[in-house]
$ cat entry35.txt   # compact mmCIF, C-alpha atoms
# COMPACT_ATOMS: atom_id res chain seq x y z
CA MET A 1 -32.83 71.49 -1.00
CA LYS A 2 -33.41 72.98 2.45
CA THR A 3 -30.55 74.23 4.59
CA GLN A 4 -30.23 74.12 8.38
CA MET A 5 -31.27 77.78 8.31
CA ASN A 6 -34.39 77.07 6.25
CA TYR A 7 -35.36 74.20 8.52
CA ALA A 8 -34.96 76.47 11.57
CA LYS A 9 -37.13 79.15 9.96
CA GLU A 10 -39.85 76.52 9.60
CA GLY A 11 -39.41 75.33 13.18
CA ILE A 12 -38.04 71.93 12.12
CA PHE A 13 -35.51 70.55 14.63
CA THR A 14 -33.03 68.49 12.59
CA LYS A 15 -30.84 65.66 13.84
CA GLU A 16 -27.83 67.99 13.47
CA MET A 17 -29.52 70.56 15.70
CA GLU A 18 -30.32 67.85 18.23
CA ILE A 19 -26.65 66.83 18.42
CA VAL A 20 -25.53 70.46 18.82
CA ALA A 21 -28.14 71.15 21.52
CA SER A 22 -26.91 68.14 23.48
CA LYS A 23 -23.23 69.10 23.17
CA GLU A 24 -23.80 72.73 24.10
CA GLN A 25 -26.49 72.14 26.74
CA VAL A 26 -28.86 74.64 25.14
CA ASP A 27 -32.56 74.19 24.58
CA LYS A 28 -34.38 73.59 21.32
CA ASP A 29 -36.08 76.98 21.07
CA PHE A 30 -32.82 78.86 21.69
CA LEU A 31 -31.11 76.97 18.88
CA LEU A 32 -33.97 77.26 16.41
CA GLN A 33 -34.34 80.98 17.00
CA ASN A 34 -30.66 81.78 16.55
CA ILE A 35 -30.10 79.54 13.53
CA ALA A 36 -33.16 81.07 11.87
CA CYS A 37 -31.80 84.61 12.28
CA GLY A 38 -28.21 83.72 11.35
CA LYS A 39 -26.52 84.14 14.74
CA ILE A 40 -25.74 80.41 14.92
CA ILE A 41 -24.67 78.14 12.07
CA ILE A 42 -24.26 74.39 11.73
CA PRO A 43 -22.01 73.80 8.70
CA ALA A 44 -23.12 70.37 7.48
CA ASN A 45 -22.97 69.49 3.80
CA ILE A 46 -25.59 66.84 3.04
CA LEU A 47 -22.85 64.72 1.41
CA HIS A 48 -20.43 64.76 4.38
CA LYS A 49 -21.54 61.46 5.91
CA SER A 50 -18.79 61.13 8.55
CA LEU A 51 -19.49 64.56 10.06
CA ASP A 52 -20.04 64.99 13.79
CA PRO A 53 -21.98 68.29 13.68
CA ASN A 54 -21.03 71.36 15.69
CA GLY A 55 -22.61 74.76 16.08
CA ILE A 56 -20.79 78.06 15.76
CA GLY A 57 -22.08 81.34 17.12
CA TYR A 58 -24.01 83.15 19.81
CA GLY A 59 -24.16 81.46 23.21
CA LEU A 60 -22.05 78.47 22.12
CA LYS A 61 -18.50 77.44 22.99
CA THR A 62 -15.70 78.93 20.90
CA LYS A 63 -14.62 76.50 18.21
CA VAL A 64 -11.16 75.90 16.73
CA ASN A 65 -10.11 75.39 13.11
CA VAL A 66 -6.92 73.66 11.95
CA ASN A 67 -5.39 74.47 8.56
CA LEU A 68 -3.54 71.84 6.55
CA GLY A 69 -2.82 70.94 2.94
CA VAL A 70 0.07 70.75 0.48
CA SER A 71 1.99 73.38 -1.45
CA ASN A 72 4.27 73.08 -4.48
CA ASP A 73 7.29 72.93 -2.12
CA CYS A 74 5.85 70.31 0.26
CA ILE A 75 3.76 67.53 -1.24
CA ASP A 76 3.28 64.83 1.41
CA TYR A 77 -0.34 63.76 1.71
CA THR A 78 0.57 61.09 4.28
CA GLU A 79 1.81 63.76 6.68
CA GLU A 80 -1.30 65.85 6.05
CA MET A 81 -3.51 62.90 7.02
CA LYS A 82 -1.48 62.53 10.22
CA LYS A 83 -2.36 66.15 10.95
CA VAL A 84 -6.02 65.19 10.52
CA GLU A 85 -5.55 62.38 13.07
CA LEU A 86 -3.95 64.87 15.45
CA ALA A 87 -6.87 67.27 15.02
CA HIS A 88 -9.31 64.46 15.80
CA LYS A 89 -7.29 63.47 18.87
CA PHE A 90 -7.71 66.96 20.32
CA GLY A 91 -11.37 67.24 19.40
CA ILE A 92 -10.91 70.00 16.83
CA GLU A 93 -14.25 71.03 15.32
CA ALA A 94 -13.11 72.33 11.91
CA ILE A 95 -10.39 71.53 9.39
CA MET A 96 -9.55 73.63 6.35
CA ASP A 97 -7.80 72.04 3.39
CA LEU A 98 -5.71 74.87 1.96
CA SER A 99 -3.92 72.77 -0.65
CA ASN A 100 -2.87 75.05 -3.48
CA TYR A 101 -0.89 72.86 -5.85
CA GLY A 102 -1.74 70.18 -8.38
CA LYS A 103 -4.87 68.05 -8.48
CA THR A 104 -6.24 68.34 -4.96
CA SER A 105 -9.54 66.51 -5.29
CA HIS A 106 -8.26 63.04 -4.30
CA PHE A 107 -6.90 64.28 -0.97
CA ARG A 108 -10.04 66.33 -0.36
CA ASP A 109 -12.24 63.31 -1.05
CA GLU A 110 -10.25 61.20 1.41
CA LEU A 111 -10.37 63.98 3.98
CA ILE A 112 -14.15 64.30 3.75
CA LYS A 113 -14.53 60.52 3.89
CA VAL A 114 -12.69 60.16 7.21
CA SER A 115 -13.17 63.48 8.97
CA LYS A 116 -15.74 63.94 11.69
CA ALA A 117 -14.73 67.61 11.84
CA MET A 118 -16.43 70.06 9.48
CA ILE A 119 -14.33 70.62 6.36
CA GLY A 120 -13.65 73.97 4.73
CA THR A 121 -11.86 74.91 1.52
CA VAL A 122 -10.92 77.98 -0.51
CA PRO A 123 -12.01 77.21 -4.10
CA VAL A 124 -9.94 80.02 -5.61
CA TYR A 125 -6.75 78.25 -4.41
CA ASP A 126 -7.72 75.32 -6.57
CA ALA A 127 -8.73 77.27 -9.66
CA VAL A 128 -5.49 77.14 -11.67
CA GLY A 129 -4.87 73.44 -11.03
CA PHE A 130 -8.48 72.35 -11.44
CA LEU A 131 -9.13 74.36 -14.58
CA GLU A 132 -5.64 73.88 -16.06
CA LYS A 133 -5.56 77.53 -17.09
CA ASP A 134 -3.25 80.36 -16.16
CA LEU A 135 -4.88 82.97 -13.93
CA LYS A 136 -5.52 85.60 -16.58
CA GLU A 137 -7.16 83.05 -18.89
CA ILE A 138 -9.75 81.94 -16.34
CA LYS A 139 -13.27 83.15 -17.15
CA ALA A 140 -15.51 84.67 -14.48
CA LYS A 141 -17.91 81.74 -14.32
CA ASP A 142 -15.02 79.27 -14.26
CA PHE A 143 -14.51 80.22 -10.62
CA LEU A 144 -18.10 79.17 -9.93
CA ASP A 145 -17.38 75.79 -11.53
CA VAL A 146 -14.59 75.21 -9.03
CA ALA A 147 -16.87 76.20 -6.14
CA TYR A 148 -19.52 73.77 -7.42
CA HIS A 149 -16.95 70.98 -7.59
CA HIS A 150 -15.90 71.61 -3.98
CA ALA A 151 -19.51 71.76 -2.79
CA LYS A 152 -20.36 68.53 -4.61
CA SER A 153 -17.37 66.80 -2.99
CA GLY A 154 -18.94 67.41 0.43
CA VAL A 155 -17.19 70.42 1.97
CA ASP A 156 -19.18 72.01 4.78
CA PHE A 157 -18.01 75.59 4.31
CA MET A 158 -16.16 77.52 1.64
CA THR A 159 -14.10 80.66 2.05
CA ILE A 160 -15.29 83.03 -0.67
CA HIS A 161 -13.61 86.41 -1.04
CA ALA A 162 -16.66 88.14 -2.49
CA GLY A 163 -16.23 91.36 -0.49
CA ILE A 164 -13.23 92.64 -2.43
CA ASN A 165 -15.40 94.08 -5.17
CA SER A 166 -14.60 97.13 -7.27
CA ARG A 167 -15.81 99.51 -4.52
CA ALA A 168 -13.63 97.96 -1.81
CA ALA A 169 -10.71 97.73 -4.24
CA ARG A 170 -10.92 101.47 -4.90
CA VAL A 171 -10.62 102.15 -1.18
CA PHE A 172 -7.59 99.86 -0.98
CA LYS A 173 -5.91 101.75 -3.83
CA GLN A 174 -6.34 105.07 -2.05
CA ILE A 175 -4.62 104.09 1.21
CA GLN A 176 -1.03 103.26 2.04
CA ARG A 177 -0.39 99.94 3.69
CA ILE A 178 2.87 98.30 4.63
CA THR A 179 1.73 94.80 3.67
CA ASN A 180 -0.87 95.49 0.94
CA ILE A 181 -3.07 92.38 0.49
CA VAL A 182 -1.86 89.37 2.49
CA SER A 183 -4.80 87.08 1.81
CA ARG A 184 -3.77 84.48 -0.77
CA GLY A 185 -7.28 84.23 -2.18
CA GLY A 186 -7.73 87.98 -2.03
CA SER A 187 -4.47 88.67 -3.82
CA VAL A 188 -5.30 86.17 -6.58
CA LEU A 189 -8.74 87.69 -7.15
CA TYR A 190 -7.41 91.26 -7.04
CA ALA A 191 -4.75 90.34 -9.61
CA TRP A 192 -7.39 88.69 -11.82
CA MET A 193 -9.64 91.76 -11.56
CA GLN A 194 -6.77 94.07 -12.49
CA MET A 195 -5.54 91.97 -15.41
CA ASN A 196 -9.04 91.51 -16.82
CA GLU A 197 -10.41 94.94 -15.86
CA ALA A 198 -13.42 93.11 -14.45
CA GLU A 199 -15.56 92.83 -11.33
CA ASN A 200 -14.86 90.15 -8.71
CA PRO A 201 -16.60 87.08 -10.21
CA PHE A 202 -17.81 85.85 -6.80
CA TYR A 203 -19.44 89.23 -6.24
CA GLU A 204 -20.82 89.56 -9.76
CA TYR A 205 -22.33 86.06 -9.69
CA PHE A 206 -23.13 85.90 -5.99
CA ASP A 207 -26.69 84.70 -6.65
CA ASP A 208 -25.30 81.76 -8.64
CA LEU A 209 -23.00 80.98 -5.73
CA LEU A 210 -25.99 80.97 -3.37
CA GLU A 211 -27.71 78.41 -5.60
CA ILE A 212 -24.69 76.13 -5.22
CA CYS A 213 -24.73 76.53 -1.44
CA LEU A 214 -28.47 75.82 -1.29
CA LYS A 215 -28.12 72.63 -3.31
CA PHE A 216 -25.69 71.03 -0.84
CA ASP A 217 -26.25 73.15 2.31
CA VAL A 218 -22.75 74.64 2.18
CA THR A 219 -22.03 77.46 4.61
CA LEU A 220 -20.42 80.59 3.19
CA SER A 221 -17.36 81.76 5.07
CA LEU A 222 -17.10 85.25 3.66
CA GLY A 223 -13.38 85.86 3.38
CA ASP A 224 -11.53 88.95 4.52
CA ALA A 225 -9.37 89.59 1.47
CA LEU A 226 -8.43 93.02 2.82
CA ARG A 227 -7.57 91.89 6.33
CA PRO A 228 -4.51 93.57 7.86
CA GLY A 229 -1.26 91.67 7.50
CA CYS A 230 0.48 93.66 10.21
CA THR A 231 -0.49 95.72 13.23
CA HIS A 232 0.23 98.94 11.29
CA ASP A 233 -2.56 98.17 8.81
CA ALA A 234 -5.18 97.05 11.32
CA SER A 235 -8.63 98.66 11.44
CA ASP A 236 -7.96 100.79 8.37
CA SER A 237 -10.52 102.01 5.86
CA ALA A 238 -9.92 99.14 3.41
CA GLN A 239 -10.62 96.52 6.06
CA ILE A 240 -13.81 98.29 7.14
CA ALA A 241 -14.92 98.96 3.55
CA GLU A 242 -14.74 95.24 2.83
CA LEU A 243 -16.58 94.41 6.07
CA ILE A 244 -19.45 96.66 4.96
CA GLU A 245 -19.61 94.78 1.65
CA LEU A 246 -19.63 91.47 3.55
CA SER A 247 -22.54 92.66 5.68
CA LEU A 248 -24.60 93.35 2.55
CA LEU A 249 -23.73 89.95 1.10
CA THR A 250 -24.64 88.31 4.42
CA GLN A 251 -28.16 89.67 4.23
CA ARG A 252 -28.52 88.44 0.65
CA ALA A 253 -27.40 84.98 1.74
CA TRP A 254 -29.79 84.95 4.71
CA ASP A 255 -32.67 85.99 2.48
CA ALA A 256 -31.91 82.92 0.35
CA GLY A 257 -31.57 80.65 3.40
CA VAL A 258 -27.78 80.20 3.15
CA GLN A 259 -25.76 80.04 6.37
CA VAL A 260 -22.91 82.54 6.74
CA MET A 261 -19.93 83.32 8.92
CA ILE A 262 -17.61 86.29 8.54
CA GLU A 263 -13.82 85.96 8.49
CA GLY A 264 -11.89 88.50 10.50
CA PRO A 265 -8.51 90.15 10.83
CA GLY A 266 -5.28 88.34 11.54
CA HIS A 267 -3.00 91.10 12.88
CA MET A 268 -3.89 93.88 15.30
CA ALA A 269 -2.68 95.43 18.53
CA ILE A 270 -4.36 93.96 21.58
CA ASN A 271 -6.22 97.20 22.41
CA GLU A 272 -8.07 97.09 19.04
CA ILE A 273 -9.43 93.55 19.30
CA GLU A 274 -12.59 94.14 21.33
CA ALA A 275 -13.68 97.05 19.12
CA ASN A 276 -13.22 94.91 16.00
CA MET A 277 -15.37 92.14 17.48
CA GLN A 278 -18.12 94.63 18.32
CA ILE A 279 -17.99 96.31 14.90
CA GLU A 280 -18.38 92.98 13.08
CA LYS A 281 -21.29 91.93 15.28
CA ARG A 282 -23.00 95.28 14.80
CA ILE A 283 -22.46 95.69 11.06
CA CYS A 284 -23.13 92.03 10.21
CA LYS A 285 -26.15 91.70 12.55
CA GLY A 286 -24.66 89.05 14.81
CA ALA A 287 -23.31 86.71 12.12
CA PRO A 288 -20.69 84.33 13.59
CA PHE A 289 -17.16 85.73 13.49
CA TYR A 290 -14.19 83.55 12.45
CA VAL A 291 -10.79 85.08 13.21
CA LEU A 292 -7.18 84.12 12.52
CA GLY A 293 -5.36 84.69 15.78
CA PRO A 294 -5.41 87.69 15.92
CA LEU A 295 -1.65 88.13 16.19
CA VAL A 296 -0.95 90.96 18.60
CA THR A 297 2.62 91.63 17.48
CA ASP A 298 4.57 91.25 14.24
CA ILE A 299 7.91 90.17 15.77
CA GLY A 300 6.96 86.77 17.18
CA ALA A 301 8.41 84.71 14.31
CA GLY A 302 8.85 81.14 15.51
CA TYR A 303 6.41 81.79 18.37
CA ASP A 304 3.40 83.15 16.52
CA HIS A 305 1.21 80.49 18.15
CA ILE A 306 1.74 82.43 21.39
CA SER A 307 1.02 85.80 19.79
CA GLY A 308 -2.07 84.29 18.19
CA ALA A 309 -3.25 82.70 21.43
CA ILE A 310 -3.00 86.01 23.28
CA GLY A 311 -5.11 87.72 20.64
CA GLY A 312 -7.41 84.73 20.29
CA ALA A 313 -8.26 84.71 23.98
CA VAL A 314 -9.23 88.39 23.90
CA ALA A 315 -11.17 87.88 20.66
CA ALA A 316 -13.08 84.86 22.01
CA ALA A 317 -13.92 86.68 25.24
CA THR A 318 -15.33 89.67 23.34
CA GLY A 319 -17.28 88.09 20.50
CA ALA A 320 -15.29 85.76 18.22
CA ASP A 321 -17.05 82.43 17.67
CA ILE A 322 -14.34 80.34 16.02
CA LEU A 323 -10.55 80.75 16.09
CA CYS A 324 -8.31 79.64 13.25
CA TYR A 325 -5.19 78.22 14.84
CA VAL A 326 -1.74 79.70 14.34
CA THR A 327 1.37 77.50 14.55
CA PRO A 328 5.00 78.34 15.41
CA ALA A 329 5.73 78.01 11.67
CA GLU A 330 3.41 80.88 10.67
CA HIS A 331 5.09 83.16 8.10
CA LEU A 332 8.07 80.76 7.89
CA ARG A 333 7.13 77.41 6.31
CA LEU A 334 4.52 74.68 6.03
CA PRO A 335 3.99 73.40 9.59
CA ASN A 336 5.11 69.92 10.59
CA LEU A 337 3.32 67.66 13.08
CA ASP A 338 5.01 69.23 16.11
CA ASP A 339 4.01 72.70 14.89
CA VAL A 340 0.42 71.56 14.38
CA ARG A 341 0.25 70.13 17.89
CA ALA A 342 1.64 73.33 19.41
CA GLY A 343 -0.81 75.44 17.40
CA ILE A 344 -3.77 73.26 18.35
CA VAL A 345 -3.03 73.37 22.07
CA ALA A 346 -2.29 77.11 22.13
CA THR A 347 -5.52 77.89 20.27
CA LYS A 348 -7.64 75.53 22.40
CA ILE A 349 -6.28 77.31 25.48
CA ALA A 350 -7.24 80.65 23.92
CA ALA A 351 -10.73 79.44 23.01
CA HIS A 352 -11.35 78.06 26.49
CA ALA A 353 -9.98 81.20 28.12
CA GLY A 354 -12.46 83.22 26.10
CA ASP A 355 -15.30 80.87 27.05
CA LEU A 356 -14.52 81.34 30.74
CA ALA A 357 -15.30 85.03 30.25
CA LYS A 358 -18.57 84.62 28.31
CA LEU A 359 -19.95 81.20 29.29
CA PRO A 360 -19.94 80.58 33.07
CA LYS A 361 -20.65 76.86 32.65
CA SER A 362 -17.24 76.49 30.95
CA ARG A 363 -15.59 76.80 34.37
CA GLU A 364 -16.68 73.31 35.44
CA ILE A 365 -13.57 71.54 34.14
CA ASP A 366 -11.28 74.20 35.62
CA ASP A 367 -12.87 73.59 39.03
CA LYS A 368 -12.28 69.86 38.60
CA MET A 369 -8.63 70.52 37.76
CA SER A 370 -8.30 72.79 40.78
CA GLN A 371 -9.74 70.11 43.05
CA ALA A 372 -7.40 67.51 41.58
CA ARG A 373 -4.46 69.82 42.30
CA GLN A 374 -5.62 70.38 45.86
CA ASP A 375 -5.96 66.60 46.26
CA ILE A 376 -2.59 66.07 44.51
CA ASP A 377 -4.26 63.54 42.24
CA TRP A 378 -1.87 63.39 39.32
CA GLU A 379 -3.90 61.07 37.09
CA LYS A 380 -6.95 63.32 37.32
CA MET A 381 -4.78 66.35 36.55
CA PHE A 382 -3.48 64.66 33.41
CA ALA A 383 -7.04 63.72 32.42
CA TYR A 384 -8.38 67.27 32.77
CA ALA A 385 -5.43 68.97 30.99
CA ILE A 386 -5.89 70.01 27.35
CA ASP A 387 -2.69 68.11 26.54
CA GLY A 388 -2.54 65.57 29.34
CA GLU A 389 -0.05 63.44 27.42
CA LYS A 390 2.56 66.20 27.51
CA ALA A 391 1.74 67.07 31.12
CA LYS A 392 2.34 63.45 32.18
CA LYS A 393 5.57 63.25 30.20
CA MET A 394 6.92 66.42 31.83
CA PHE A 395 5.96 65.19 35.30
CA ASN A 396 7.70 61.85 34.77
CA GLU A 397 10.89 63.44 33.40
CA ARG A 398 11.69 64.72 36.90
CA LYS A 399 9.46 62.56 39.03
CA PRO A 400 9.59 63.30 42.77
CA GLU A 401 10.47 60.67 45.37
CA GLU A 402 7.02 61.03 46.89
CA LEU A 403 3.88 61.63 44.83
CA ASN A 404 2.37 64.15 47.27
CA SER A 405 4.36 66.87 45.51
CA CYS A 406 6.18 67.68 42.26
CA SER A 407 9.95 67.97 41.87
CA MET A 408 9.79 71.78 41.96
CA CYS A 409 8.43 72.21 45.49
CA GLY A 410 9.32 68.91 47.11
CA LYS A 411 8.51 68.88 50.81
CA MET A 412 7.55 72.57 50.64
CA CYS A 413 4.51 71.86 48.44
CA ALA A 414 1.84 74.33 49.55
CA MET A 415 -0.98 71.94 48.67
CA ASN A 416 0.49 69.14 50.77
CA THR A 417 1.32 71.47 53.65
CA MET A 418 -2.24 72.78 53.82
CA ASN A 419 -3.77 69.32 53.41
CA GLN A 420 -1.79 68.17 56.45
CA ILE A 421 -2.27 71.16 58.70
CA LEU A 422 -6.02 71.41 58.03
CA LYS A 423 -6.38 67.73 59.00
CA GLY A 424 -4.63 68.53 62.27
CA ASP A 425 -1.35 66.80 61.36
CA GLU A 426 2.06 68.23 62.10
CA VAL A 427 4.06 69.50 59.13
CA SER A 428 7.67 68.45 58.80
CA LEU A 429 9.93 69.93 56.13
CA VAL A 430 12.95 67.81 56.98
$ encode --input "entry35.txt" --output "structure tokens"
Amino acid sequence: MKTQMNYAKEGIFTKEMEIVASKEQVDKDFLLQNIACGKIIIPANILHKSLDPNGIGYGLKTKVNVNLGVSNDCIDYTEEMKKVELAHKFGIEAIMDLSNYGKTSHFRDELIKVSKAMIGTVPVYDAVGFLEKDLKEIKAKDFLDVAYHHAKSGVDFMTIHAGINSRAARVFKQIQRITNIVSRGGSVLYAWMQMNEAENPFYEYFDDLLEICLKFDVTLSLGDALRPGCTHDASDSAQIAELIELSLLTQRAWDAGVQVMIEGPGHMAINEIEANMQIEKRICKGAPFYVLGPLVTDIGAGYDHISGAIGGAVAAATGADILCYVTPAEHLRLPNLDDVRAGIVATKIAAHAGDLAKLPKSREIDDKMSQARQDIDWEKMFAYAIDGEKAKKMFNERKPEELNSCSMCGKMCAMNTMNQILKGDEVSLV
């Protein structure tokens, strides 16, 4: 089976590439060249028939991922499907099913059947439930069986924590962190390695994993098991040691024709973000960078979507290619529908803010919004807003007597004043 990367290397312009070129307003040669060298990916499993393809990477708009899925404390698949509907409503490009309890395949199958967004999973989350074995009893190649099952079900990308091998683990042991390993998948694999005195199975059998990806054209999202879980731990030697391992694995994947993106840190002070984006791009030779947040402070509990949006905007402006959303419920509980909506909007604002810095053509809709504000055209303002439904609701809650202003400024609306005076009319504030 040929992947999008293999097709690009041969100069074959696929229907998925054609769709991406049209959406992004980039030419054929640009797309072919950058997919062939790994700087752009189009995650598109050959079995995901409902997919509306999107590109991630160099010269393209910053994409957004929404996480959902059940846990052992919250098992409501109906609510999770409503989150999918919400993601579709806001045009989200990627959805990750992070379900980590019970038999998850039925929900995943339904998700892939209906979702036009690319679907990602973390096979190691599913290992205990799928294999019906306790963690220590799982054999190395059992993990590959789970990955094969996910790939065969139609997922477009899989988070694989292959970089936390024995070398990276030794670095982690030698440093002192406040939050140790905060990656769920990373912590599970580290525990398995310690209990079995064995190498990371995804690292040991990486070539077998590549064969699975090639069969279905699954993109590898190389997970950051040693990402910092607090600002104190950011940019430390363990994080960088793992990134070096990921860069080596990236080249192996590219040599096989497998598409790759790199997952990046979730917590770091705002002054470290740009350097981290540049380091990833340099070490991993331009591979697309997928970051969670980053959260720029550790004390935003209940408002982490804001902390994440601040970091996400800086990250997107300086090199990140896809942002994983953060909701107000981060670190506290499974998010509900209101949390998901808040996280989506905050992260879409961050992604667009970043695009304004790196893609000049992204400003077009902002200019349209500005003109609508100058014209005091409320319906156009609602149409151009990321969440026009909420904007309209807020406007109508305190609707002004006259529609040439809002209820904050009233007759002293600067837009209305200037519209009148520049037409030669007299301005009355009475």
$ residues_around --input "entry35.txt" --residues "Glu242 in chain A" --least-positions-apart "5" --cutoff "12 Å" --atoms "only C-alpha atoms" --output "count of residues only"
34
$ residues_around --input "entry35.txt" --residues "range 112-121 of chain A" --least-positions-apart "3" --cutoff "6 Å" --atoms "all atoms listed in the file" --output "number ranges by chain"
A: 50-52, 93-97, 109, 155-158
$ write_last_selection --input "entry35.txt" --atoms "C-alpha atoms" --output "short mmCIF file (atom, residue, chain, number, x, y, z; two decimals), in the frame of the given file"
data_model
loop_
_atom_site.label_atom_id
_atom_site.label_comp_id
_atom_site.auth_asym_id
_atom_site.auth_seq_id
_atom_site.Cartn_x
_atom_site.Cartn_y
_atom_site.Cartn_z
CA SER A 50 -18.79 61.13 8.55
CA LEU A 51 -19.49 64.56 10.06
CA ASP A 52 -20.04 64.99 13.79
CA GLU A 93 -14.25 71.03 15.32
CA ALA A 94 -13.11 72.33 11.91
CA ILE A 95 -10.39 71.53 9.39
CA MET A 96 -9.55 73.63 6.35
CA ASP A 97 -7.80 72.04 3.39
CA ASP A 109 -12.24 63.31 -1.05
CA VAL A 155 -17.19 70.42 1.97
CA ASP A 156 -19.18 72.01 4.78
CA PHE A 157 -18.01 75.59 4.31
CA MET A 158 -16.16 77.52 1.64
#
$ closest_residue --input "entry35.txt" --among "A:Gln194, A:His232, A:Ser183, A:Asp207" --to "Arg252 in chain A" --atoms "all atoms listed in the file"
A:Asp207
$ closest_residue --input "entry35.txt" --among "A:Asn45, A:Asn271, A:Ser187, A:Asn54" --to "Leu220 in chain A" --atoms "all atoms listed in the file"
A:Asn45
$ atom_distance --input "entry35.txt" --atom1 "CA of Ser153 in chain A" --atom2 "CA of Leu47 in chain A"
7.3 Å
$ residues_near_point --input "entry35.txt" --point "(-4.7, 80.5, -2.1)" --cutoff "10 Å" --atoms "all atoms listed in the file" --output "PyMOL selection string"
chain A and resi 71+98-101+121-127+183-189
$ atom_distance --input "entry35.txt" --atom1 "CA of Phe216 in chain A" --atom2 "CA of Gln251 in chain A"
19.5 Å
$ closest_atom_pairs --input "entry35.txt" --of "range 329-387 of chain A" --to "range 8-28 of chain A" --cutoff "12 Å" --atoms "all atoms listed in the file" --output "CSV"
residue,atom,partner,partner_atom,distance
A:Leu359,CA,A:Glu24,CA,10.7
A:Lys361,CA,A:Gln25,CA,9.6
A:Ser362,CA,A:Glu24,CA,10.2
$ residues_around --input "entry35.txt" --residues "Gly311 in chain A" --least-positions-apart "3" --cutoff "9 Å" --atoms "only C-alpha atoms" --output "JSON list (two decimals) with C-alpha atoms, keeping the file's coordinate frame"
[["chain", "number", "residue", "atom", "x", "y", "z"],
["A", 267, "HIS", "CA", -3.00, 91.10, 12.88],
["A", 268, "MET", "CA", -3.89, 93.88, 15.30],
["A", 269, "ALA", "CA", -2.68, 95.43, 18.53],
["A", 270, "ILE", "CA", -4.36, 93.96, 21.58],
["A", 273, "ILE", "CA", -9.43, 93.55, 19.30],
["A", 293, "GLY", "CA", -5.36, 84.69, 15.78],
["A", 294, "PRO", "CA", -5.41, 87.69, 15.92],
["A", 295, "LEU", "CA", -1.65, 88.13, 16.19],
["A", 296, "VAL", "CA", -0.95, 90.96, 18.60],
["A", 306, "ILE", "CA", 1.74, 82.43, 21.39],
["A", 307, "SER", "CA", 1.02, 85.80, 19.79],
["A", 308, "GLY", "CA", -2.07, 84.29, 18.19],
["A", 314, "VAL", "CA", -9.23, 88.39, 23.90],
["A", 315, "ALA", "CA", -11.17, 87.88, 20.66],
["A", 316, "ALA", "CA", -13.08, 84.86, 22.01],
["A", 350, "ALA", "CA", -7.24, 80.65, 23.92]]
$ residues_around --input "entry35.txt" --residues "Met277 in chain A" --least-positions-apart "2" --cutoff "7 Å" --atoms "all atoms listed in the file" --output "PyMOL selection string"
chain A and resi 273-275+279-281+315+318-320
$ closest_residue --input "entry35.txt" --among "A:Asn419, A:Asn6, A:Thr231, A:Thr62" --to "Gln371 in chain A" --atoms "only C-alpha atoms"
A:Asn419
$ atom_distance --input "entry35.txt" --atom1 "CA of Leu323 in chain A" --atom2 "CA of Asp367 in chain A"
24.1 Å
$ closest_residue --input "entry35.txt" --among "A:Ala287, A:Leu144, A:Val345, A:Ile322" --to "Asn200 in chain A" --atoms "all atoms listed in the file"
A:Leu144
$ closest_residue --input "entry35.txt" --among "A:Ile138, A:Leu31, A:Cys409, A:Ala238" --to "Gln174 in chain A" --atoms "only C-alpha atoms"
A:Ala238
$ residues_around --input "entry35.txt" --residues "Leu332 in chain A" --least-positions-apart "4" --cutoff "9 Å" --atoms "only C-alpha atoms" --output "list in words"
Ala301, Gly302 and Pro328 of chain A
$ decode --input "entry35.txt" --residues "range 142-150 of chain A" --atoms "N, CA and C atoms" --output "PDB file, in the first residue's frame"
ATOM      1  N   ASP A 142       2.118  -7.724  22.072  1.00  0.00           N
ATOM      2  CA  ASP A 142       0.687  -7.502  22.290  1.00  0.00           C
ATOM      3  C   ASP A 142       0.322  -6.044  22.011  1.00  0.00           C
ATOM      4  N   PHE A 143       1.226  -5.136  22.378  1.00  0.00           N
ATOM      5  CA  PHE A 143       0.964  -3.710  22.129  1.00  0.00           C
ATOM      6  C   PHE A 143       0.811  -3.442  20.631  1.00  0.00           C
ATOM      7  N   LEU A 144       1.590  -4.157  19.821  1.00  0.00           N
ATOM      8  CA  LEU A 144       1.485  -3.999  18.370  1.00  0.00           C
ATOM      9  C   LEU A 144       0.145  -4.515  17.864  1.00  0.00           C
ATOM     10  N   ASP A 145      -0.385  -5.549  18.505  1.00  0.00           N
ATOM     11  CA  ASP A 145      -1.697  -6.069  18.110  1.00  0.00           C
ATOM     12  C   ASP A 145      -2.787  -5.022  18.319  1.00  0.00           C
ATOM     13  N   VAL A 146      -2.678  -4.290  19.411  1.00  0.00           N
ATOM     14  CA  VAL A 146      -3.662  -3.223  19.672  1.00  0.00           C
ATOM     15  C   VAL A 146      -3.538  -2.130  18.608  1.00  0.00           C
ATOM     16  N   ALA A 147      -2.301  -1.745  18.296  1.00  0.00           N
ATOM     17  CA  ALA A 147      -2.084  -0.717  17.269  1.00  0.00           C
ATOM     18  C   ALA A 147      -2.647  -1.179  15.925  1.00  0.00           C
ATOM     19  N   TYR A 148      -2.457  -2.448  15.596  1.00  0.00           N
ATOM     20  CA  TYR A 148      -3.001  -2.982  14.337  1.00  0.00           C
ATOM     21  C   TYR A 148      -4.522  -2.897  14.341  1.00  0.00           C
ATOM     22  N   HIS A 149      -5.136  -3.236  15.458  1.00  0.00           N
ATOM     23  CA  HIS A 149      -6.597  -3.189  15.562  1.00  0.00           C
ATOM     24  C   HIS A 149      -7.109  -1.765  15.343  1.00  0.00           C
ATOM     25  N   HIS A 150      -6.430  -0.789  15.933  1.00  0.00           N
ATOM     26  CA  HIS A 150      -6.838   0.609  15.751  1.00  0.00           C
ATOM     27  C   HIS A 150      -6.666   1.041  14.298  1.00  0.00           C
TER      28      HIS A 150
END
